[in-house]
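Right, one structure below, let's go through it.
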Amino acid sequence: MKYLLRAVLILFAWLAVYSIPRAAAIVEVPLPPWAVPEAGTPPPLRPSHWQDQALLLAGRPLPKSSPFYAVSRTPAFQKHAARMRAFWWQVLRESVNQIGKWRDKNIPKNLDGRLVFYPLSGADYLNAYAFFPRASNYLFVALETPGDMPDLTRMDDHEREQGLIAIRRAVGSLATVNYMQSKVLRQELSNPYLPGTLPVFLMLAGVMGQTVLDVKAVRMEDSGELSDCDFEPYSPTAVRDSTIMGPGPVRGLRMVLRDTGQAVSKTLVYLQIRLRDEAVTDRTSEGRYLRQLWNCNTIFKSAVYLLHNDAYKDVRNFVLQRSDLVIQDDSGLPYASFARGEWEEHLFGTYTRIPPLGGIPHPPQQPQLARRYREQSEPLAFPYGYGVLQGKDHSNLMLFVRRNARAALR
């Protein structure tokens with residue numbers, strides 16, 4: 001029965017992204033509530049080259065002066081625009097609007113602007129932004145290649161369409177179950193036409209109504225500092241994932257964005273790092289970089305129970321030491337890691353035990369967490385983490401706030 005249910009969920013996700021009829025013209029879609037301009041805010045900036053591409057990938061209208069305007073009128077992009085409108089409407093209804101209500105009620109106001117640290121994130125900017133739209137800095141760490149943004153004007157229709165299909169497949173299930181499968185993400189983001197996480201970050205920034213001011217490829221120096229570099233050309237043999245990640249310097253992306261009508265920009269950094277104990281020590285460049293982090297808001301979502309393994313004890317302790325707030329499902333940090341004298345806990349949704357998952361045949365069970373859920377849990381109105389694979393209303397979400405951080409706010 002569980003395999004049938006999983007198949008039905010995947011089918012719904014596929015239908016949501018691929019079965020929307022083609023629209024005759026591009027129309028605008030609503031922005032998130034927090035991105036609506038307020039009275040007296042500055043006028044929109046002149047679109048950048050990167051912003052044009054974000055709008056194009058998001059299916060939003062482009063001005064006729066844009067170098068990508070003609071591309072936006074091709075059949076492949078007209079079809080893509082219709083499907084992205086459907087994607088965004090469903091994301092708003094199923095996740096973003098509900099996360100906004102939960103956020104406003106539960107996240108301390110004086111903590112919501114802290115740096116957002118999202119280990120094992122993939123390209124999931126949607127959730128990081130939905131939970132913390134007022135943050136100025138976001139740090140994503142994952143195994144997917146950073147990628148590049150090829151010149152869409154030089155592609156033929158077939159190449160453009162194949163690239164668009166790949167990124168829709170990569171993010172499609174966010175619309176229905178707020179869940180991206182790592183295996184699917186890595187497979188689709190290694191397509192030769194729109195490779196890596198960059199097109200997905202641009203697309204999500206575009207659908208959420210942000211202005212993309214600039215994008216740089218970065219590499220990490222031995223000191224742990226980030227420096228600008230050239231984008232790495234796509235090559236099937238150069239795509240580094242969890243099995244073939246090479247010994248070269250850490251590479252990534254730095255994006256500068258601005259919410260609609262807002263004067264203050266925000267920075268998104270994505271780094272391709274294999275999370276392991278050595279990666280948080282001062283013996284590695286990535287450790288020297290990460291050890292600069294303090295007082296973070298940390299997110300874990302569908303995190304493959306990595307930090308339940310004793311081989312990742314130093315990573316686990318690092319996150320606990322450097323975070324003042326943690327949002328996660330049961331696949332993130334073990335529940336027993338949070339000392340009750342140090343952390344306030346707030347449990348949402350449902351947790352009993354986790355059935356076998358694809359690629360995780362024996363996920364760690366947490367009877368102490370199950371007992372706490374029986375004693376104290378609040379409703380959860382949106383899908384989150386692996387629980388959604390068991391069906392509606394099976395997601396769990398935990399919010400931990402460091403007690404001395406809360407006390408400092410009073």
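Chain identifiers are assigned as A, B, and so on, following the order in which chains appear in the structure tokens; residues are numbered from 1 within each chain, and ligands are numbered from 1 in order of appearance.
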(message) Among range 43-154 of chain A, which residues does DSSP mark as strand (DSSP E or B) when it is run on the backbone? Keep the chain and numbering as in the structure and answer as a count of residues only.
(response) 10
(request) Can you pull out every residue within 8 Å of Gln210 in chain A, counting only C-alpha atoms, but drop anything in the same chain fewer than 5 positions away, and send it as a PyMOL selection string? (result) chain A and resi 35+205+257-260
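Reported to one decimal place, the separation of CA of Tyr138 in chain A from CA of Gly341 in chain A is 28.5 Å.
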(message) If we count only C-alpha atoms and set the cut-off at 8 Å, which residues sit around range 276-280 of chain A, ignoring sequence neighbours fewer than 4 positions away in its own chain? Please answer as a list in words.
(response) Thr284, Ser285, Glu286, Gly287, Arg288, Leu290, Arg291, Ala311, Tyr312, Lys313, Asp314, Val315 and Phe318 of chain A
Write the residues of the selection above to a file with C-alpha atoms, as a CSV table (one decimal), in the first residue's frame.
chain,number,residue,atom,x,y,z
A,284,THR,CA,40.1,22.4,5.5
A,285,SER,CA,39.3,25.5,3.5
A,286,GLU,CA,35.6,24.9,3.9
A,287,GLY,CA,36.0,24.5,7.6
A,288,ARG,CA,37.8,27.8,7.8
A,290,LEU,CA,32.1,27.7,7.9
A,291,ARG,CA,33.7,28.4,11.3
A,311,ALA,CA,30.5,9.5,11.8
A,312,TYR,CA,29.0,13.0,11.6
A,313,LYS,CA,29.2,13.8,15.3
A,314,ASP,CA,31.4,16.9,14.7
A,315,VAL,CA,29.0,18.3,12.1
A,318,PHE,CA,29.0,22.3,15.0
(request) Between A:Val207, A:Ile107, A:Pro363, A:Val304, single out the one closest to Val401 in chain A, counting only C-alpha atoms. (result)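 Result for the nearest residue to Val401 in chain A: A:Ile107.
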(message) Taking only C-alpha atoms into account, name the residue in A:Ile99, A:Met155, A:Ala303, A:Val171 that is nearest to Ala76 in chain A.
(response)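 With only C-alpha atoms as the atom set, the closest residue is A:Met155.
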Near-Tyr129 in chain A list (12 Å; only C-alpha atoms; drop same-chain fewer than 2 positions) as a PDB file with N, CA and C atoms, in the first residue's frame:
ATOM      1  N   PRO A  32       4.529  37.063  -3.494  1.00  0.00           N
ATOM      2  CA  PRO A  32       4.270  36.693  -2.106  1.00  0.00           C
ATOM      3  C   PRO A  32       3.832  37.923  -1.317  1.00  0.00           C
ATOM      4  N   TRP A  34       4.865  39.265   1.372  1.00  0.00           N
ATOM      5  CA  TRP A  34       5.908  40.116   1.916  1.00  0.00           C
ATOM      6  C   TRP A  34       6.686  40.851   0.825  1.00  0.00           C
ATOM      7  N   ALA A  35       6.427  40.564  -0.449  1.00  0.00           N
ATOM      8  CA  ALA A  35       7.151  41.225  -1.532  1.00  0.00           C
ATOM      9  C   ALA A  35       6.333  42.331  -2.187  1.00  0.00           C
ATOM     10  N   SER A  95       1.825  25.683   0.006  1.00  0.00           N
ATOM     11  CA  SER A  95       2.959  25.847   0.913  1.00  0.00           C
ATOM     12  C   SER A  95       3.188  27.285   1.358  1.00  0.00           C
ATOM     13  N   VAL A  96       3.488  28.187   0.410  1.00  0.00           N
ATOM     14  CA  VAL A  96       4.020  29.505   0.763  1.00  0.00           C
ATOM     15  C   VAL A  96       3.067  30.292   1.654  1.00  0.00           C
ATOM     16  N   ILE A  99       3.025  28.616   5.064  1.00  0.00           N
ATOM     17  CA  ILE A  99       4.277  28.844   5.784  1.00  0.00           C
ATOM     18  C   ILE A  99       4.313  30.266   6.328  1.00  0.00           C
ATOM     19  N   GLY A 100       3.822  31.240   5.544  1.00  0.00           N
ATOM     20  CA  GLY A 100       3.806  32.621   6.004  1.00  0.00           C
ATOM     21  C   GLY A 100       3.002  32.797   7.284  1.00  0.00           C
ATOM     22  N   ARG A 103       4.985  31.149  10.093  1.00  0.00           N
ATOM     23  CA  ARG A 103       6.169  31.947  10.398  1.00  0.00           C
ATOM     24  C   ARG A 103       5.814  33.145  11.276  1.00  0.00           C
ATOM     25  N   ASP A 112      14.374  36.743  12.992  1.00  0.00           N
ATOM     26  CA  ASP A 112      14.058  36.343  11.620  1.00  0.00           C
ATOM     27  C   ASP A 112      14.952  36.972  10.566  1.00  0.00           C
ATOM     28  N   GLY A 113      15.827  37.908  10.973  1.00  0.00           N
ATOM     29  CA  GLY A 113      16.734  38.514  10.010  1.00  0.00           C
ATOM     30  C   GLY A 113      18.138  37.939  10.039  1.00  0.00           C
ATOM     31  N   LEU A 115      21.399  35.321   9.571  1.00  0.00           N
ATOM     32  CA  LEU A 115      21.866  34.513   8.447  1.00  0.00           C
ATOM     33  C   LEU A 115      21.172  33.160   8.451  1.00  0.00           C
ATOM     34  N   VAL A 116      20.702  32.729   7.288  1.00  0.00           N
ATOM     35  CA  VAL A 116      20.026  31.444   7.146  1.00  0.00           C
ATOM     36  C   VAL A 116      21.027  30.427   6.613  1.00  0.00           C
ATOM     37  N   PHE A 117      21.254  29.375   7.363  1.00  0.00           N
ATOM     38  CA  PHE A 117      22.177  28.297   6.998  1.00  0.00           C
ATOM     39  C   PHE A 117      21.345  27.066   6.652  1.00  0.00           C
ATOM     40  N   TYR A 118      21.524  26.568   5.434  1.00  0.00           N
ATOM     41  CA  TYR A 118      20.699  25.460   4.945  1.00  0.00           C
ATOM     42  C   TYR A 118      21.610  24.354   4.436  1.00  0.00           C
ATOM     43  N   ALA A 123      18.795  23.013  -4.304  1.00  0.00           N
ATOM     44  CA  ALA A 123      18.544  24.383  -4.772  1.00  0.00           C
ATOM     45  C   ALA A 123      17.247  24.927  -4.175  1.00  0.00           C
ATOM     46  N   ASP A 124      16.916  24.512  -2.949  1.00  0.00           N
ATOM     47  CA  ASP A 124      15.628  24.843  -2.346  1.00  0.00           C
ATOM     48  C   ASP A 124      15.604  26.248  -1.746  1.00  0.00           C
ATOM     49  N   TYR A 125      15.670  27.246  -2.605  1.00  0.00           N
ATOM     50  CA  TYR A 125      15.543  28.633  -2.150  1.00  0.00           C
ATOM     51  C   TYR A 125      14.120  28.933  -1.697  1.00  0.00           C
ATOM     52  N   LEU A 126      13.157  28.218  -2.241  1.00  0.00           N
ATOM     53  CA  LEU A 126      11.756  28.484  -1.944  1.00  0.00           C
ATOM     54  C   LEU A 126      11.481  28.422  -0.443  1.00  0.00           C
ATOM     55  N   ASN A 127      11.882  27.345   0.216  1.00  0.00           N
ATOM     56  CA  ASN A 127      11.599  27.203   1.639  1.00  0.00           C
ATOM     57  C   ASN A 127      12.431  28.153   2.489  1.00  0.00           C
ATOM     58  N   PHE A 131      10.379  30.827   4.876  1.00  0.00           N
ATOM     59  CA  PHE A 131      10.510  30.880   6.331  1.00  0.00           C
ATOM     60  C   PHE A 131      11.202  32.155   6.811  1.00  0.00           C
ATOM     61  N   PHE A 132      12.147  32.663   6.004  1.00  0.00           N
ATOM     62  CA  PHE A 132      12.944  33.815   6.442  1.00  0.00           C
ATOM     63  C   PHE A 132      13.057  34.848   5.328  1.00  0.00           C
ATOM     64  N   PRO A 133      11.973  35.481   4.927  1.00  0.00           N
ATOM     65  CA  PRO A 133      12.041  36.448   3.826  1.00  0.00           C
ATOM     66  C   PRO A 133      12.770  37.730   4.190  1.00  0.00           C
ATOM     67  N   ARG A 134      12.938  37.999   5.476  1.00  0.00           N
ATOM     68  CA  ARG A 134      13.576  39.249   5.901  1.00  0.00           C
ATOM     69  C   ARG A 134      15.072  39.086   6.152  1.00  0.00           C
ATOM     70  N   ALA A 135      15.602  37.907   5.935  1.00  0.00           N
ATOM     71  CA  ALA A 135      17.039  37.690   6.106  1.00  0.00           C
ATOM     72  C   ALA A 135      17.815  38.431   5.028  1.00  0.00           C
ATOM     73  N   SER A 136      19.018  38.840   5.368  1.00  0.00           N
ATOM     74  CA  SER A 136      19.889  39.521   4.403  1.00  0.00           C
ATOM     75  C   SER A 136      20.892  38.574   3.764  1.00  0.00           C
ATOM     76  N   ASN A 137      21.134  37.420   4.398  1.00  0.00           N
ATOM     77  CA  ASN A 137      22.124  36.479   3.902  1.00  0.00           C
ATOM     78  C   ASN A 137      21.619  35.049   4.023  1.00  0.00           C
ATOM     79  N   TYR A 138      21.855  34.272   2.971  1.00  0.00           N
ATOM     80  CA  TYR A 138      21.482  32.864   2.930  1.00  0.00           C
ATOM     81  C   TYR A 138      22.706  32.063   2.492  1.00  0.00           C
ATOM     82  N   LEU A 139      22.992  30.979   3.193  1.00  0.00           N
ATOM     83  CA  LEU A 139      24.092  30.096   2.823  1.00  0.00           C
ATOM     84  C   LEU A 139      23.548  28.698   2.602  1.00  0.00           C
ATOM     85  N   PHE A 140      23.694  28.205   1.374  1.00  0.00           N
ATOM     86  CA  PHE A 140      23.250  26.877   0.989  1.00  0.00           C
ATOM     87  C   PHE A 140      24.475  25.986   0.778  1.00  0.00           C
ATOM     88  N   PHE A 201      17.897  28.497  -9.039  1.00  0.00           N
ATOM     89  CA  PHE A 201      17.876  29.676  -8.163  1.00  0.00           C
ATOM     90  C   PHE A 201      17.303  30.884  -8.893  1.00  0.00           C
ATOM     91  N   LEU A 204      13.461  30.403  -9.275  1.00  0.00           N
ATOM     92  CA  LEU A 204      12.710  30.594  -8.029  1.00  0.00           C
ATOM     93  C   LEU A 204      12.719  32.055  -7.603  1.00  0.00           C
ATOM     94  N   ALA A 205      13.838  32.751  -7.787  1.00  0.00           N
ATOM     95  CA  ALA A 205      13.849  34.191  -7.493  1.00  0.00           C
ATOM     96  C   ALA A 205      12.851  34.921  -8.378  1.00  0.00           C
ATOM     97  N   VAL A 207      10.028  33.656  -9.852  1.00  0.00           N
ATOM     98  CA  VAL A 207       8.627  33.379  -9.531  1.00  0.00           C
ATOM     99  C   VAL A 207       8.220  34.059  -8.224  1.00  0.00           C
ATOM    100  N   MET A 208       9.198  34.306  -7.338  1.00  0.00           N
ATOM    101  CA  MET A 208       8.875  34.963  -6.074  1.00  0.00           C
ATOM    102  C   MET A 208       8.939  36.484  -6.172  1.00  0.00           C
ATOM    103  N   GLY A 209       9.166  37.002  -7.386  1.00  0.00           N
ATOM    104  CA  GLY A 209       9.080  38.438  -7.594  1.00  0.00           C
ATOM    105  C   GLY A 209      10.302  39.218  -7.173  1.00  0.00           C
ATOM    106  N   GLN A 210      11.447  38.557  -7.049  1.00  0.00           N
ATOM    107  CA  GLN A 210      12.654  39.267  -6.662  1.00  0.00           C
ATOM    108  C   GLN A 210      13.378  39.828  -7.884  1.00  0.00           C
ATOM    109  N   LEU A 257      20.317  39.890  -4.606  1.00  0.00           N
ATOM    110  CA  LEU A 257      18.905  40.015  -4.958  1.00  0.00           C
ATOM    111  C   LEU A 257      18.266  41.137  -4.168  1.00  0.00           C
ATOM    112  N   ASP A 259      14.147  42.328  -2.902  1.00  0.00           N
ATOM    113  CA  ASP A 259      12.703  42.160  -2.947  1.00  0.00           C
ATOM    114  C   ASP A 259      12.068  43.354  -3.635  1.00  0.00           C
ATOM    115  N   LYS A 266      19.904  41.523  -0.620  1.00  0.00           N
ATOM    116  CA  LYS A 266      20.260  40.335   0.139  1.00  0.00           C
ATOM    117  C   LYS A 266      21.199  39.489  -0.703  1.00  0.00           C
ATOM    118  N   THR A 267      21.997  38.677  -0.027  1.00  0.00           N
ATOM    119  CA  THR A 267      23.011  37.870  -0.702  1.00  0.00           C
ATOM    120  C   THR A 267      22.733  36.395  -0.471  1.00  0.00           C
ATOM    121  N   LEU A 268      22.751  35.643  -1.546  1.00  0.00           N
ATOM    122  CA  LEU A 268      22.588  34.190  -1.515  1.00  0.00           C
ATOM    123  C   LEU A 268      23.904  33.575  -1.950  1.00  0.00           C
ATOM    124  N   ASN A 297      20.187  30.980  11.792  1.00  0.00           N
ATOM    125  CA  ASN A 297      18.914  30.269  11.695  1.00  0.00           C
ATOM    126  C   ASN A 297      19.134  29.109  10.726  1.00  0.00           C
ATOM    127  N   ILE A 299      18.158  25.466   8.763  1.00  0.00           N
ATOM    128  CA  ILE A 299      17.054  24.666   8.229  1.00  0.00           C
ATOM    129  C   ILE A 299      17.578  23.297   7.816  1.00  0.00           C
TER     130      ILE A 299
END
(request) Give the answer as one residue: which of A:Lys64, A:Arg372, A:Arg169, A:Lys101 has the shortest atom-to-atom distance to His80 in chain A, using only C-alpha atoms? (result)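 Of the candidates, the smallest distance to His80 in chain A is held by A:Arg169.
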(request) Work out how far CA of Ala370 in chain A is from CA of Tyr351 in chain A, in Å to one decimal. (result)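 Between CA of Tyr351 in chain A and CA of Ala370 in chain A the gap is 5.7 Å.
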(message) Report, in Å to a single decimal, how far apart CA of Cys229 in chain A and CA of Leu213 in chain A are.
(response) 17.6 Å
(message) Just want the 9 Å neighbourhood of Cys296 in chain A, counted on only C-alpha atoms, with same-chain residues fewer than 6 positions away dropped. Output as a ChimeraX atom specification.
(response) /A:111,114-117,319,322-326
File of the preceding selection, C-alpha atoms, as a short mmCIF file (atom, residue, chain, number, x, y, z; two decimals), in the first residue's frame:
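What ended up in out_0.cif:
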data_model
loop_
_atom_site.label_atom_id
_atom_site.label_comp_id
_atom_site.auth_asym_id
_atom_site.auth_seq_id
_atom_site.Cartn_x
_atom_site.Cartn_y
_atom_site.Cartn_z
CA LEU A 111 15.62 36.45 15.07
CA ARG A 114 19.70 36.32 11.00
CA LEU A 115 21.87 34.51 8.45
CA VAL A 116 20.03 31.44 7.15
CA PHE A 117 22.18 28.30 7.00
CA VAL A 319 25.38 23.05 13.93
CA ARG A 322 26.44 27.85 15.80
CA SER A 323 22.62 27.99 15.62
CA ASP A 324 20.20 30.06 17.67
CA LEU A 325 17.16 28.67 15.85
CA VAL A 326 16.62 25.36 14.03
#
(message) For Phe68 in chain A, find every residue with an atom within 9 Å (counting only C-alpha atoms), except residues of its own chain fewer than 6 positions away, and show them as a list in words.
(response)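 Counting only C-alpha atoms, the residues come to Asp52, Gln53, Leu56, Leu62, Leu152 and Thr153 of chain A.
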(message) Residues within 7 Å of range 189-191 of chain A, please, as a list in words. Count only C-alpha atoms; anything in the same chain fewer than 5 positions from it doesn't count.
(response) Gly163, Ala166, Ile167, Gly196, Thr197 and Val239 of chain A
(request) Tell me which of A:Phe400, A:Tyr373, A:Phe338, A:Tyr384 sits closest to Thr176 in chain A, counting only C-alpha atoms. (result)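 The answer is A:Tyr384, which sits nearest to Thr176 in chain A.
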(message) Write out as a list in words the set of residues from range 314-344 of chain A that DSSP, computed on the backbone, places in alpha helix (DSSP H).
(response)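 So the alpha helix (DSSP H) residues in range 314-344 of chain A would be Asp314, Val315, Arg316, Asn317, Phe318, Val319, Leu320, Gln321 and Arg322 of chain A.
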Take the selection from the previous step and output its residues with N, CA and C atoms, as a tab-separated table (two decimals), in the first residue's frame.
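Listed below is the output, again_21.tsv:
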chain	number	residue	atom	x	y	z
A	314	ASP	N	30.84	15.53	14.67
A	314	ASP	CA	31.39	16.89	14.71
A	314	ASP	C	30.51	17.87	13.94
A	315	VAL	N	29.93	17.44	12.83
A	315	VAL	CA	29.00	18.29	12.08
A	315	VAL	C	27.78	18.60	12.95
A	316	ARG	N	27.27	17.58	13.59
A	316	ARG	CA	26.11	17.74	14.46
A	316	ARG	C	26.40	18.76	15.57
A	317	ASN	N	27.54	18.61	16.22
A	317	ASN	CA	27.89	19.54	17.31
A	317	ASN	C	28.14	20.94	16.77
A	318	PHE	N	28.72	21.03	15.59
A	318	PHE	CA	28.97	22.34	14.97
A	318	PHE	C	27.65	23.09	14.76
A	319	VAL	N	26.67	22.41	14.19
A	319	VAL	CA	25.38	23.05	13.93
A	319	VAL	C	24.71	23.47	15.23
A	320	LEU	N	24.75	22.62	16.24
A	320	LEU	CA	24.14	22.96	17.51
A	320	LEU	C	24.82	24.16	18.16
A	321	GLN	N	26.14	24.25	18.05
A	321	GLN	CA	26.87	25.36	18.66
A	321	GLN	C	26.62	26.67	17.93
A	322	ARG	N	26.47	26.62	16.60
A	322	ARG	CA	26.44	27.85	15.80
A	322	ARG	C	25.02	28.36	15.54
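When only C-alpha atoms are used to measure the gap to Leu185 in chain A, the shortest distance among A:Gln98, A:Ser72, A:Ser121, A:Gln376 belongs to A:Ser121.
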(message) I'd like to know which of A:Val200, A:Val177, A:Met220, A:Leu306 is closest to Ala381 in chain A, using only C-alpha atoms.
(response) A:Val177
